[in-house]
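For reference, entry-v5.cif (mmCIF, C-alpha atoms and all ligand atoms):
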```
data_run
loop_
_atom_site.label_atom_id
_atom_site.label_comp_id
_atom_site.auth_asym_id
_atom_site.auth_seq_id
_atom_site.Cartn_x
_atom_site.Cartn_y
_atom_site.Cartn_z
CA HIS A 1468 22.92 5.43 -8.04
CA ILE A 1469 22.81 8.87 -9.67
CA GLU A 1470 21.10 8.72 -13.02
CA GLU A 1471 21.82 11.36 -15.60
CA PRO A 1472 18.91 13.62 -16.42
CA SER A 1473 17.27 12.49 -19.60
CA THR A 1474 15.52 14.62 -22.17
CA ALA A 1475 11.98 13.97 -23.30
CA SER A 1476 12.92 13.65 -26.94
CA ALA A 1477 15.66 11.11 -26.29
CA ASP A 1478 13.47 8.89 -24.10
CA SER A 1479 10.50 9.16 -26.35
CA ALA A 1480 12.47 8.31 -29.49
CA VAL A 1481 14.00 5.28 -27.78
CA ALA A 1482 10.67 3.98 -26.50
CA ALA A 1483 9.03 4.57 -29.89
CA GLN A 1484 11.87 2.83 -31.68
CA ARG A 1485 11.51 -0.16 -29.39
CA ALA A 1486 7.74 -0.28 -29.82
CA VAL A 1487 7.96 -0.16 -33.60
CA ALA A 1488 10.73 -2.79 -33.71
CA ALA A 1489 8.74 -5.06 -31.37
CA PHE A 1490 5.62 -4.56 -33.49
CA GLN A 1491 7.54 -5.44 -36.61
CA ALA A 1492 9.04 -8.53 -34.97
CA ARG A 1493 5.59 -9.72 -33.92
CA TYR A 1494 3.50 -8.87 -36.98
CA GLY A 1495 6.08 -8.71 -39.79
CA ARG A 1496 5.06 -5.19 -40.82
CA ALA A 1497 5.21 -1.60 -39.56
CA PRO A 1498 2.39 -0.37 -37.30
CA ASP A 1499 -0.22 2.01 -38.74
CA VAL A 1500 0.13 4.45 -35.83
CA CYS A 1501 2.33 5.09 -32.81
CA TRP A 1502 1.41 7.31 -29.82
CA GLY A 1503 3.18 7.97 -26.54
CA ALA A 1504 2.09 9.32 -23.16
CA PRO A 1505 4.23 10.26 -20.13
CA GLY A 1506 4.18 9.45 -16.45
CA ARG A 1507 3.85 12.39 -14.06
CA VAL A 1508 5.03 13.95 -10.86
CA ASN A 1509 2.49 15.94 -8.88
CA LEU A 1510 4.32 18.98 -7.52
CA ILE A 1511 1.54 19.59 -4.98
CA GLY A 1512 -2.23 19.04 -4.61
CA GLU A 1513 -2.52 15.47 -3.36
CA HIS A 1514 -5.79 13.63 -2.79
CA THR A 1515 -7.59 16.78 -3.87
CA ASP A 1516 -8.64 15.67 -7.38
CA TYR A 1517 -11.53 13.44 -6.27
CA ASN A 1518 -12.58 16.26 -3.95
CA ASP A 1519 -13.06 18.58 -6.95
CA GLY A 1520 -9.99 20.59 -5.90
CA PHE A 1521 -6.66 21.82 -7.30
CA VAL A 1522 -3.66 19.85 -8.56
CA LEU A 1523 -0.30 20.92 -10.02
CA PRO A 1524 1.42 18.10 -11.92
CA PHE A 1525 4.08 18.03 -14.61
CA ALA A 1526 4.92 15.34 -17.15
CA LEU A 1527 8.04 13.21 -16.82
CA PRO A 1528 10.34 12.45 -19.75
CA HIS A 1529 9.51 8.78 -19.19
CA ARG A 1530 6.85 7.57 -21.60
CA THR A 1531 4.73 4.60 -22.57
CA VAL A 1532 4.43 4.10 -26.31
CA VAL A 1533 1.73 2.10 -28.09
CA ALA A 1534 2.36 0.97 -31.67
CA ALA A 1535 -0.89 -0.15 -33.26
CA SER A 1536 -2.60 -1.37 -36.42
CA ALA A 1537 -6.26 -1.94 -37.16
CA ARG A 1538 -7.74 -5.43 -37.64
CA ASP A 1539 -11.01 -6.19 -39.38
CA ASP A 1540 -11.97 -9.30 -37.39
CA GLY A 1541 -12.95 -7.50 -34.15
CA LEU A 1542 -10.08 -8.97 -32.12
CA LEU A 1543 -7.97 -6.94 -29.69
CA ASN A 1544 -4.42 -8.33 -29.41
CA LEU A 1545 -2.28 -6.89 -26.62
CA THR A 1546 1.47 -7.38 -26.22
CA THR A 1547 3.74 -5.60 -23.77
CA VAL A 1548 7.51 -5.65 -24.10
CA GLY A 1549 9.57 -5.16 -20.95
CA SER A 1550 12.98 -3.52 -20.67
CA ASP A 1551 14.54 -6.99 -21.07
CA GLY A 1552 12.95 -7.13 -24.55
CA ARG A 1553 10.77 -10.08 -23.62
CA PRO A 1554 7.17 -9.85 -24.87
CA GLN A 1555 4.17 -10.77 -22.73
CA VAL A 1556 1.13 -11.60 -24.81
CA ALA A 1557 -2.38 -11.29 -23.37
CA GLU A 1558 -5.22 -13.63 -24.27
CA PRO A 1559 -6.95 -12.11 -27.37
CA VAL A 1560 -10.36 -10.58 -26.63
CA ARG A 1561 -13.22 -9.49 -28.89
CA VAL A 1562 -13.86 -5.74 -28.70
CA ASP A 1563 -17.64 -6.29 -28.88
CA GLU A 1564 -17.51 -8.73 -25.95
CA LEU A 1565 -15.38 -6.60 -23.61
CA ALA A 1566 -16.91 -6.28 -20.14
CA PRO A 1567 -15.56 -5.18 -16.74
CA GLY A 1568 -13.91 -7.99 -14.81
CA GLN A 1569 -13.15 -10.01 -17.93
CA VAL A 1570 -9.51 -8.93 -18.32
CA THR A 1571 -7.09 -8.70 -15.40
CA GLY A 1572 -3.48 -7.60 -14.80
CA TRP A 1573 -1.69 -5.12 -17.07
CA ALA A 1574 -3.94 -5.93 -20.06
CA ALA A 1575 -7.01 -4.61 -18.18
CA TYR A 1576 -5.79 -1.01 -18.70
CA PRO A 1577 -5.67 -1.01 -22.53
CA ALA A 1578 -8.68 -3.35 -22.73
CA GLY A 1579 -10.60 -0.99 -20.42
CA VAL A 1580 -9.84 1.93 -22.71
CA ALA A 1581 -11.11 -0.03 -25.74
CA TRP A 1582 -14.26 -0.83 -23.73
CA VAL A 1583 -14.89 2.85 -22.87
CA LEU A 1584 -14.30 4.00 -26.46
CA ARG A 1585 -16.74 1.34 -27.71
CA GLU A 1586 -19.31 2.47 -25.09
CA GLU A 1587 -18.81 6.07 -26.25
CA GLY A 1588 -19.62 5.09 -29.82
CA VAL A 1589 -16.11 5.35 -31.26
CA PRO A 1590 -16.07 2.97 -34.24
CA LEU A 1591 -13.55 0.29 -33.25
CA GLY A 1592 -12.87 -2.84 -35.23
CA GLY A 1593 -10.13 -4.97 -33.82
CA ALA A 1594 -6.55 -3.86 -33.27
CA ASP A 1595 -3.04 -5.18 -32.69
CA LEU A 1596 -1.26 -3.21 -29.96
CA VAL A 1597 2.37 -3.47 -28.90
CA ILE A 1598 3.31 -1.54 -25.75
CA CYS A 1599 6.79 -0.41 -24.69
CA GLY A 1600 7.95 2.19 -22.25
CA ASP A 1601 10.15 3.34 -19.45
CA VAL A 1602 7.74 4.81 -16.90
CA PRO A 1603 8.71 3.13 -13.61
CA THR A 1604 5.86 0.86 -12.52
CA GLY A 1605 4.58 0.75 -8.95
CA ALA A 1606 6.51 3.96 -8.19
CA GLY A 1607 3.50 6.28 -7.91
CA LEU A 1608 4.51 8.00 -11.14
CA SER A 1609 1.40 7.09 -13.14
CA SER A 1610 2.51 4.28 -15.38
CA SER A 1611 -1.16 3.19 -15.52
CA ALA A 1612 -2.36 6.56 -16.79
CA ALA A 1613 0.47 6.65 -19.35
CA LEU A 1614 -0.65 3.26 -20.67
CA GLU A 1615 -4.33 4.26 -20.74
CA CYS A 1616 -3.65 7.56 -22.51
CA ALA A 1617 -1.25 6.14 -25.13
CA THR A 1618 -3.80 3.40 -25.85
CA ALA A 1619 -6.67 5.88 -26.14
CA LEU A 1620 -4.77 8.09 -28.59
CA SER A 1621 -3.72 5.11 -30.72
CA LEU A 1622 -7.23 3.63 -30.87
CA LEU A 1623 -8.77 7.04 -31.64
CA ASP A 1624 -6.30 7.47 -34.48
CA LEU A 1625 -7.13 3.99 -35.85
CA ALA A 1626 -10.82 4.97 -35.65
CA GLY A 1627 -10.11 8.02 -37.84
CA ARG A 1628 -10.30 10.50 -34.95
CA PRO A 1629 -6.69 11.51 -34.20
CA VAL A 1630 -6.23 14.23 -31.60
CA ASP A 1631 -3.91 16.08 -34.02
CA ALA A 1632 -6.55 16.23 -36.80
CA ALA A 1633 -6.31 19.36 -38.91
CA GLY A 1634 -9.81 20.73 -38.22
CA GLU A 1635 -10.64 21.69 -34.65
CA ALA A 1636 -14.16 20.33 -35.01
CA GLU A 1637 -12.87 16.81 -35.77
CA ARG A 1638 -10.26 16.88 -33.03
CA PRO A 1639 -11.30 14.99 -29.88
CA ASP A 1640 -10.97 17.00 -26.68
CA LEU A 1641 -8.07 15.96 -24.42
CA THR A 1642 -9.97 16.63 -21.20
CA LEU A 1643 -12.77 14.35 -22.39
CA ILE A 1644 -10.24 11.64 -23.25
CA ALA A 1645 -8.77 12.04 -19.74
CA ARG A 1646 -12.25 11.36 -18.31
CA TRP A 1647 -12.62 8.31 -20.57
CA ALA A 1648 -9.24 6.95 -19.44
CA GLN A 1649 -10.24 7.57 -15.81
CA ARG A 1650 -13.48 5.67 -16.45
CA ALA A 1651 -11.50 2.73 -17.83
CA GLU A 1652 -9.52 2.66 -14.59
CA ASN A 1653 -12.55 3.15 -12.33
CA ASP A 1654 -15.13 0.93 -14.01
CA PHE A 1655 -13.12 -1.66 -15.94
CA VAL A 1656 -9.95 -2.10 -13.85
CA GLY A 1657 -11.82 -1.32 -10.62
CA ALA A 1658 -9.49 1.32 -9.11
CA PRO A 1659 -11.44 4.35 -7.76
CA THR A 1660 -8.85 7.00 -8.77
CA GLY A 1661 -9.41 10.64 -9.73
CA VAL A 1662 -8.58 12.41 -12.99
CA LEU A 1663 -5.19 13.93 -12.00
CA ASP A 1664 -2.93 11.38 -13.65
CA GLN A 1665 -4.71 11.12 -17.00
CA THR A 1666 -5.05 14.91 -17.33
CA ALA A 1667 -1.36 15.33 -16.52
CA SER A 1668 -0.32 12.71 -19.06
CA LEU A 1669 -2.45 14.24 -21.82
CA CYS A 1670 -2.32 17.98 -21.14
CA CYS A 1671 1.06 18.85 -19.58
CA THR A 1672 3.60 20.78 -21.64
CA ALA A 1673 7.39 20.95 -21.47
CA ALA A 1674 8.90 23.35 -18.90
CA HIS A 1675 5.54 23.94 -17.16
CA VAL A 1676 3.45 22.62 -14.32
CA LEU A 1677 -0.24 22.31 -15.09
CA PHE A 1678 -2.67 23.98 -12.71
CA LEU A 1679 -5.97 22.11 -12.95
CA ASP A 1680 -9.13 23.15 -11.16
CA VAL A 1681 -10.98 19.84 -11.27
CA ARG A 1682 -14.39 21.38 -10.53
CA SER A 1683 -14.38 23.93 -13.35
CA GLY A 1684 -11.96 22.10 -15.64
CA GLU A 1685 -9.88 25.29 -15.90
CA GLN A 1686 -6.25 24.63 -16.85
CA ILE A 1687 -3.32 27.05 -16.61
CA GLN A 1688 0.19 26.20 -17.81
CA VAL A 1689 2.54 27.74 -15.23
CA PRO A 1690 6.26 28.10 -16.13
CA PHE A 1691 8.47 25.88 -13.96
CA ASP A 1692 12.12 26.37 -14.78
CA THR A 1693 14.12 25.03 -11.85
CA ALA A 1694 17.46 25.37 -13.68
CA ALA A 1695 17.00 29.13 -14.09
CA HIS A 1696 16.96 29.36 -10.27
CA GLY A 1697 19.92 27.02 -9.75
CA LEU A 1698 17.49 24.42 -8.44
CA ARG A 1699 16.53 20.85 -9.28
CA LEU A 1700 13.58 18.65 -8.59
CA LEU A 1701 14.81 15.30 -7.44
CA VAL A 1702 12.54 12.25 -7.59
CA ILE A 1703 13.27 9.53 -5.06
CA ASP A 1704 11.57 6.22 -5.78
CA THR A 1705 11.51 4.26 -2.53
CA ARG A 1706 10.84 1.07 -4.51
CA THR A 1707 8.26 0.09 -1.94
CA ARG A 1708 4.54 -0.28 -2.24
CA HIS A 1709 2.45 -1.31 0.69
CA ALA A 1710 -0.13 -4.05 0.43
CA HIS A 1711 -2.93 -1.82 1.71
CA SER A 1712 -2.34 0.95 -0.85
CA GLU A 1713 -5.50 0.18 -2.81
CA SER A 1714 -7.79 -0.38 0.17
CA GLY A 1715 -6.26 2.68 1.89
CA TYR A 1716 -6.97 4.89 -1.13
CA GLY A 1717 -10.58 3.70 -1.33
CA GLU A 1718 -11.08 4.25 2.40
CA ARG A 1719 -9.80 7.84 2.22
CA ARG A 1720 -12.01 8.52 -0.74
CA ARG A 1721 -15.09 7.12 1.02
CA GLY A 1722 -14.19 9.18 4.10
CA CYS A 1723 -14.21 12.35 2.00
CA VAL A 1724 -17.61 11.47 0.51
CA ALA A 1725 -18.96 10.86 4.03
CA ALA A 1726 -17.55 14.21 5.23
CA ALA A 1727 -19.09 16.06 2.27
CA GLU A 1728 -22.45 14.41 2.96
CA ALA A 1729 -22.29 15.33 6.64
CA LEU A 1730 -21.56 18.94 5.67
CA ARG A 1731 -24.24 18.87 2.95
CA VAL A 1732 -21.83 20.04 0.25
CA GLY A 1733 -21.24 18.51 -3.18
CA SER A 1734 -17.53 17.99 -2.41
CA LEU A 1735 -14.96 19.06 0.19
CA ARG A 1736 -13.80 21.67 -2.33
CA GLU A 1737 -16.77 23.78 -1.25
CA VAL A 1738 -15.24 24.31 2.21
CA THR A 1739 -13.02 27.41 2.28
CA ARG A 1740 -10.03 28.09 4.50
CA ASP A 1741 -12.12 30.63 6.44
CA GLY A 1742 -14.94 28.15 6.90
CA LEU A 1743 -12.68 25.30 8.03
CA ASP A 1744 -13.15 25.65 11.78
CA ALA A 1745 -16.92 25.83 11.60
CA ALA A 1746 -17.08 22.88 9.20
CA THR A 1747 -14.68 20.83 11.35
CA ALA A 1748 -16.92 21.30 14.38
CA ARG A 1749 -19.81 19.72 12.46
CA LEU A 1750 -17.92 16.51 11.64
CA PRO A 1751 -17.37 13.35 13.66
CA GLU A 1752 -13.85 13.16 15.09
CA GLU A 1753 -12.50 10.61 12.59
CA LEU A 1754 -13.40 12.68 9.51
CA ARG A 1755 -11.89 15.96 10.73
CA PRO A 1756 -8.28 15.32 9.64
CA LEU A 1757 -9.43 14.38 6.12
CA LEU A 1758 -11.25 17.69 5.76
CA ARG A 1759 -8.31 19.62 7.21
CA HIS A 1760 -5.92 18.05 4.71
CA VAL A 1761 -8.10 18.74 1.68
CA VAL A 1762 -8.86 22.35 2.58
CA THR A 1763 -5.28 23.25 3.54
CA GLU A 1764 -3.85 21.38 0.54
CA ASN A 1765 -6.03 23.34 -1.89
CA ALA A 1766 -4.82 26.55 -0.26
CA ARG A 1767 -1.19 25.38 -0.57
CA VAL A 1768 -1.63 24.71 -4.30
CA GLU A 1769 -2.92 28.24 -4.77
CA SER A 1770 0.04 29.66 -2.83
CA VAL A 1771 2.54 27.67 -4.89
CA VAL A 1772 0.93 28.86 -8.13
CA GLU A 1773 1.06 32.43 -6.88
CA SER A 1774 4.77 32.09 -6.05
CA LEU A 1775 5.61 30.48 -9.38
CA ARG A 1776 3.74 33.15 -11.33
CA ALA A 1777 5.67 35.80 -9.41
CA GLY A 1778 8.93 34.06 -10.38
CA ARG A 1779 9.63 33.06 -6.77
CA LEU A 1780 10.29 29.38 -7.29
CA ASP A 1781 12.78 29.34 -4.42
CA THR A 1782 10.04 30.15 -1.90
CA ILE A 1783 7.79 27.12 -2.45
CA GLY A 1784 9.88 24.67 -0.39
CA PRO A 1785 8.04 25.11 2.94
CA LEU A 1786 4.69 24.62 1.17
CA LEU A 1787 5.89 21.29 -0.26
CA THR A 1788 7.04 20.19 3.18
CA ALA A 1789 3.77 21.31 4.79
CA SER A 1790 1.93 19.21 2.21
CA HIS A 1791 3.94 16.17 3.27
CA GLU A 1792 3.22 16.78 6.95
CA SER A 1793 -0.48 17.06 6.21
CA LEU A 1794 -0.45 13.82 4.17
CA ARG A 1795 1.53 12.10 6.93
CA ASP A 1796 -0.34 13.32 9.99
CA ASP A 1797 -3.87 14.17 8.80
CA TYR A 1798 -4.49 12.09 5.69
CA ARG A 1799 -2.21 9.27 6.88
CA VAL A 1800 -1.07 8.02 3.47
CA SER A 1801 2.70 8.31 3.92
CA SER A 1802 5.01 5.44 4.86
CA THR A 1803 8.18 4.87 6.90
CA GLU A 1804 10.32 5.02 3.75
CA LEU A 1805 8.67 8.18 2.41
CA ASP A 1806 9.04 9.93 5.78
CA LEU A 1807 12.66 8.85 5.94
CA VAL A 1808 13.39 10.31 2.49
CA VAL A 1809 11.70 13.60 3.36
CA ASP A 1810 13.41 13.95 6.75
CA ALA A 1811 16.85 13.05 5.38
CA ALA A 1812 16.47 15.40 2.38
CA LEU A 1813 15.42 18.31 4.60
CA ALA A 1814 18.18 17.62 7.12
CA ALA A 1815 20.71 17.70 4.27
CA GLY A 1816 19.49 21.07 3.06
CA ALA A 1817 16.60 20.44 0.63
CA LEU A 1818 14.34 23.52 0.32
CA GLY A 1819 11.27 21.33 0.58
CA ALA A 1820 10.29 17.68 0.21
CA ARG A 1821 7.14 15.59 0.08
CA MET A 1822 5.65 12.31 -1.03
CA THR A 1823 4.03 12.52 -4.46
CA GLY A 1824 1.06 10.56 -5.82
CA GLY A 1825 -1.32 8.34 -3.89
CA GLY A 1826 1.18 7.36 -1.17
CA PHE A 1827 1.53 4.13 0.87
CA GLY A 1828 4.98 3.80 -0.74
CA GLY A 1829 6.04 4.98 -4.17
CA SER A 1830 8.03 8.17 -4.71
CA ALA A 1831 8.93 11.39 -2.95
CA ILE A 1832 10.24 14.63 -4.46
CA ALA A 1833 12.72 17.14 -3.11
CA LEU A 1834 13.38 20.68 -4.30
CA ILE A 1835 17.13 21.13 -3.96
CA ARG A 1836 19.95 23.47 -4.91
CA SER A 1837 21.73 21.91 -7.89
CA ALA A 1838 25.07 21.92 -6.12
CA ALA A 1839 23.66 19.95 -3.18
CA GLN A 1840 22.37 16.96 -5.19
CA ALA A 1841 25.16 14.50 -4.39
CA GLU A 1842 25.17 15.38 -0.69
CA ILE A 1843 21.40 15.02 -0.39
CA GLU A 1844 21.37 11.68 -2.20
CA GLU A 1845 24.16 10.41 0.03
CA SER A 1846 22.30 11.49 3.18
CA ILE A 1847 19.17 9.66 2.04
CA ILE A 1848 21.17 6.52 1.26
CA ALA A 1849 22.87 6.74 4.68
CA ALA A 1850 19.47 7.01 6.40
CA PHE A 1851 18.28 3.89 4.56
CA ASP A 1852 21.51 2.03 5.35
CA GLU A 1853 21.14 2.88 9.02
CA ARG A 1854 17.78 1.13 9.08
CA GLY A 1855 18.83 -1.76 6.88
CA LEU A 1856 16.44 -0.73 4.11
CA ALA A 1857 17.05 -1.33 0.40
CA HIS A 1858 18.32 1.78 -1.40
CA PRO A 1859 15.88 4.05 -3.18
CA ARG A 1860 16.39 5.12 -6.79
CA PHE A 1861 17.04 8.74 -7.79
CA PHE A 1862 16.43 10.74 -10.90
CA MET A 1863 16.10 14.37 -11.81
CA ALA A 1864 12.69 15.32 -13.15
CA LEU A 1865 12.47 17.78 -16.02
CA PRO A 1866 8.95 18.94 -16.86
CA SER A 1867 8.40 17.36 -20.27
CA ALA A 1868 5.88 17.21 -23.10
CA GLY A 1869 2.49 15.58 -22.68
CA ALA A 1870 1.11 12.79 -24.85
CA GLY A 1871 1.53 12.89 -28.60
CA ARG A 1872 2.19 11.09 -31.83
CA GLU A 1873 5.58 9.39 -31.95
CA GLU A 1874 7.59 9.56 -35.13
CA PRO A 1875 10.32 6.93 -34.82
CA SER A 1876 12.67 6.53 -37.72
CA THR A 1877 12.34 3.00 -39.07
CA ASP A 1878 15.89 2.55 -40.35
C1 LIG B 1901 -3.37 8.56 -7.43
C2 LIG B 1901 -4.68 8.74 -8.18
F1 LIG B 1901 -4.67 8.02 -9.34
C3 LIG B 1901 -4.94 10.21 -8.48
O1 LIG B 1901 -6.22 10.34 -9.06
C4 LIG B 1901 -4.82 11.07 -7.22
O2 LIG B 1901 -5.94 10.92 -6.39
C5 LIG B 1901 -3.53 10.75 -6.49
O3 LIG B 1901 -3.38 9.36 -6.25
C6 LIG B 1901 -3.44 11.47 -5.16
O4 LIG B 1901 -3.37 12.83 -5.35
O5 LIG B 1901 -2.29 8.91 -8.25
#
```
Mind turning this structure into structure tokens?
Amino acid sequence: HIEEPSTASADSAVAAQRAVAAFQARYGRAPDVCWGAPGRVNLIGEHTDYNDGFVLPFALPHRTVVAASARDDGLLNLTTVGSDGRPQVAEPVRVDELAPGQVTGWAAYPAGVAWVLREEGVPLGGADLVICGDVPTGAGLSSSAALECATALSLLDLAGRPVDAAGEAERPDLTLIARWAQRAENDFVGAPTGVLDQTASLCCTAAHVLFLDVRSGEQIQVPFDTAAHGLRLLVIDTRTRHAHSESGYGERRRGCVAAAEALRVGSLREVTRDGLDAATARLPEELRPLLRHVVTENARVESVVESLRAGRLDTIGPLLTASHESLRDDYRVSSTELDLVVDAALAAGALGARMTGGGFGGSAIALIRSAAQAEIEESIIAAFDERGLAHPRFFMALPSAGAGREEPSTD
């Protein structure tokens, strides 16, 4: 069950190689362009992005790669190739006829991106896209954002606007592309998510966590070198996803909007730690825990950033655990499996542990001493065995590069 840590370059080269080979098999020629984008882990700052708050993600080595060529007949052809090598081909659609609701399933994500780019005036003819990757799906590690971002960068390149263009003036802005990818997910796919995942996929850099202040757009790359402290960040994918995850996310988001309206503020970000008690008193009972989570979580992100910048990575554990407790008890987006992982990891000596991502299943993370990895994994497995639950999957997460052009060798 213990997977070896993988490096970004190895994973990315493999995924790119597969995408190019699959493109060649399907179209009998090499693709014009090839771009990749990673999944993410959010170290802390959960359910704060759509409240204009703070988040602190890093990019995983796992990536989605899109190999693409332009067409001149206005058709968008989408193919995805799974790890078994089997292609799934979506019904071709015309770029000029794309409209929300028209495409469903996995193809809605790349089609939604093409729709947003068209709406934004990016000159798009048709395109052939072949998608490959190894970002775990349904694990709360942002496989959707990886797909959206890799698609956006490929289509922008085909439209003559690559994000690595030589002149800064011609280079599209990554934070704007993140907003476009978010819009594809919100308005085309119909999922009301924030901008955390897309920003992480596009803007993270190797060996850093990315501090993002969603309200101001400020970004700070904060060094995050677990190995230098004899530590590791373990990702534990519970391989569960609860049926109400989408409705639950939407409900929490609407609750936050209602709380902000009741407090007459633009977003819950406006409420400070000092003003929390007074603001809480002005809210109906059922909205109070939502406010408490958002305000305390923003404060925890700031504390973690402060510790990391002071080189005190080993002191952030309790903040990670406090984040989990807040998501479990106040925001109520954890699950039996996520709580079990966190409790078992802490009992076996993890410095801190929490669910990561939207919740209702998906993955948890644990900050651990390197030497304790096997023992902690065994304790988690034992806890799952005791309850007759299917084993989770483990991997070590190394903060990796954000999205970029892939250069697979074609021999
Ligand atoms: C999901 C969403 F897509 C993000 O925007 C964010 O809200 C996250 O849940 C919770 O922090 O990943």
Give me, as CSV, each residue of region 1657-1740 of chain A that comes within 8 Å of region 1590-1608 of chain A, together with its shortest interatomic pair and the distance in Å at one decimal, counting all atoms listed in the file, with rows ordered by chain and rising residue number.
```
residue,atom,partner,partner_atom,distance
A:Asp1704,CA,A:Ala1606,CA,6.0
A:Thr1705,CA,A:Ala1606,CA,7.6
A:Arg1706,CA,A:Ala1606,CA,6.4
A:Thr1707,CA,A:Ala1606,CA,7.6
A:Arg1708,CA,A:Gly1605,CA,6.8
```
Point-to-point distance from CA of Ala1619 (chain A) to CA of Ala1581 (chain A), Å rounded to tenths: 7.4 Å
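In this comparison, which uses all atoms listed in the file, the residue of A:Asp1852, A:Asp1499, A:Glu1764, A:Glu1637 approaching Leu1786 (chain A) most closely is A:Glu1764.
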From A:Ala1817, A:Ala1849, A:Val1762, A:Ser1867, residue lying nearest Asp1741 (chain A) [all atoms listed in the file]: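 Smallest separation from Asp1741 (chain A) among the options: A:Val1762.
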Between CA of Gly1697 (chain A) and CA of Gly1824 (chain A) - distance in Å to one decimal: 25.3 Å
Selected residue, from A:Ala1526, A:Val1533, A:Leu1813, A:Leu1584, that lies nearest to Cys1670 (chain A) when counting all atoms listed in the file: A:Ala1526
Exercise answer, 7 Å around ligand LIG 1901 (chain B) with only C-alpha atoms and all ligand atoms, as a PyMOL selection string: chain A and resi 1512-1517+1607+1609+1660-1664+1824-1825
Those same residues - C-alpha atoms - I'd like them written as a PDB file, in the coordinates of the input.
```
ATOM      1  CA  GLY A1512      -2.230  19.040  -4.610  1.00  0.00           C
ATOM      2  CA  GLU A1513      -2.520  15.470  -3.360  1.00  0.00           C
ATOM      3  CA  HIS A1514      -5.790  13.630  -2.790  1.00  0.00           C
ATOM      4  CA  THR A1515      -7.590  16.780  -3.870  1.00  0.00           C
ATOM      5  CA  ASP A1516      -8.640  15.670  -7.380  1.00  0.00           C
ATOM      6  CA  TYR A1517     -11.530  13.440  -6.270  1.00  0.00           C
ATOM      7  CA  GLY A1607       3.500   6.280  -7.910  1.00  0.00           C
ATOM      8  CA  SER A1609       1.400   7.090 -13.140  1.00  0.00           C
ATOM      9  CA  THR A1660      -8.850   7.000  -8.770  1.00  0.00           C
ATOM     10  CA  GLY A1661      -9.410  10.640  -9.730  1.00  0.00           C
ATOM     11  CA  VAL A1662      -8.580  12.410 -12.990  1.00  0.00           C
ATOM     12  CA  LEU A1663      -5.190  13.930 -12.000  1.00  0.00           C
ATOM     13  CA  ASP A1664      -2.930  11.380 -13.650  1.00  0.00           C
ATOM     14  CA  GLY A1824       1.060  10.560  -5.820  1.00  0.00           C
ATOM     15  CA  GLY A1825      -1.320   8.340  -3.890  1.00  0.00           C
TER      16      GLY A1825
END
```
Distance criterion (all atoms listed in the file): nearest to Val1809 (chain A) out of A:Glu1685, A:Glu1844, A:Asp1797, A:Asp1781: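 Using all atoms listed in the file, Val1809 (chain A) sits closest to A:Glu1844.
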Point (-0.1, 16.5, -28.5), cut-off 9 Å, counting all atoms listed in the file, residues as an MDAnalysis selection string: chainID A and resid 1630:1631 1641 1669:1670 1672 1868:1872
Residue among A:Arg1699, A:Arg1485, A:Arg1507, A:Arg1538 lying closest to Pro1875 (chain A), counting all atoms listed in the file: A:Arg1485
Nearest candidate to Thr1571 (chain A) (options A:Ala1534, A:Phe1655, A:Phe1521, A:Ala1864; using all atoms listed in the file):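 Looking at the shortest contact to Thr1571 (chain A), the residue is A:Phe1655.
Atom pair CA of Ser1712 (chain A) / CA of Leu1679 (chain A): separated by 24.6 Å.
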Since the input is missing atoms, can you rebuild N, CA and C atoms for region 1857-1866 of chain A and write them as a PDB file, in the frame of the given file?
```pdb
ATOM      1  N   ALA A1857      16.500  -1.315   1.759  1.00  0.00           N
ATOM      2  CA  ALA A1857      17.050  -1.330   0.400  1.00  0.00           C
ATOM      3  C   ALA A1857      17.098   0.104  -0.138  1.00  0.00           C
ATOM      4  N   HIS A1858      18.119   0.415  -0.902  1.00  0.00           N
ATOM      5  CA  HIS A1858      18.320   1.780  -1.400  1.00  0.00           C
ATOM      6  C   HIS A1858      17.209   2.235  -2.335  1.00  0.00           C
ATOM      7  N   PRO A1859      16.820   3.508  -2.201  1.00  0.00           N
ATOM      8  CA  PRO A1859      15.880   4.050  -3.180  1.00  0.00           C
ATOM      9  C   PRO A1859      16.600   4.376  -4.484  1.00  0.00           C
ATOM     10  N   ARG A1860      15.824   4.770  -5.492  1.00  0.00           N
ATOM     11  CA  ARG A1860      16.390   5.120  -6.790  1.00  0.00           C
ATOM     12  C   ARG A1860      16.154   6.608  -7.031  1.00  0.00           C
ATOM     13  N   PHE A1861      17.140   7.288  -7.607  1.00  0.00           N
ATOM     14  CA  PHE A1861      17.040   8.740  -7.790  1.00  0.00           C
ATOM     15  C   PHE A1861      17.000   9.101  -9.270  1.00  0.00           C
ATOM     16  N   PHE A1862      16.213  10.090  -9.610  1.00  0.00           N
ATOM     17  CA  PHE A1862      16.430  10.740 -10.900  1.00  0.00           C
ATOM     18  C   PHE A1862      15.933  12.168 -10.864  1.00  0.00           C
ATOM     19  N   MET A1863      16.482  12.963 -11.765  1.00  0.00           N
ATOM     20  CA  MET A1863      16.100  14.370 -11.810  1.00  0.00           C
ATOM     21  C   MET A1863      14.919  14.510 -12.750  1.00  0.00           C
ATOM     22  N   ALA A1864      13.895  15.242 -12.330  1.00  0.00           N
ATOM     23  CA  ALA A1864      12.690  15.320 -13.150  1.00  0.00           C
ATOM     24  C   ALA A1864      12.636  16.652 -13.888  1.00  0.00           C
ATOM     25  N   LEU A1865      12.618  16.571 -15.201  1.00  0.00           N
ATOM     26  CA  LEU A1865      12.470  17.780 -16.020  1.00  0.00           C
ATOM     27  C   LEU A1865      11.057  17.798 -16.570  1.00  0.00           C
ATOM     28  N   PRO A1866      10.313  18.881 -16.329  1.00  0.00           N
ATOM     29  CA  PRO A1866       8.950  18.940 -16.860  1.00  0.00           C
ATOM     30  C   PRO A1866       8.971  18.789 -18.381  1.00  0.00           C
TER      31      PRO A1866
END
```
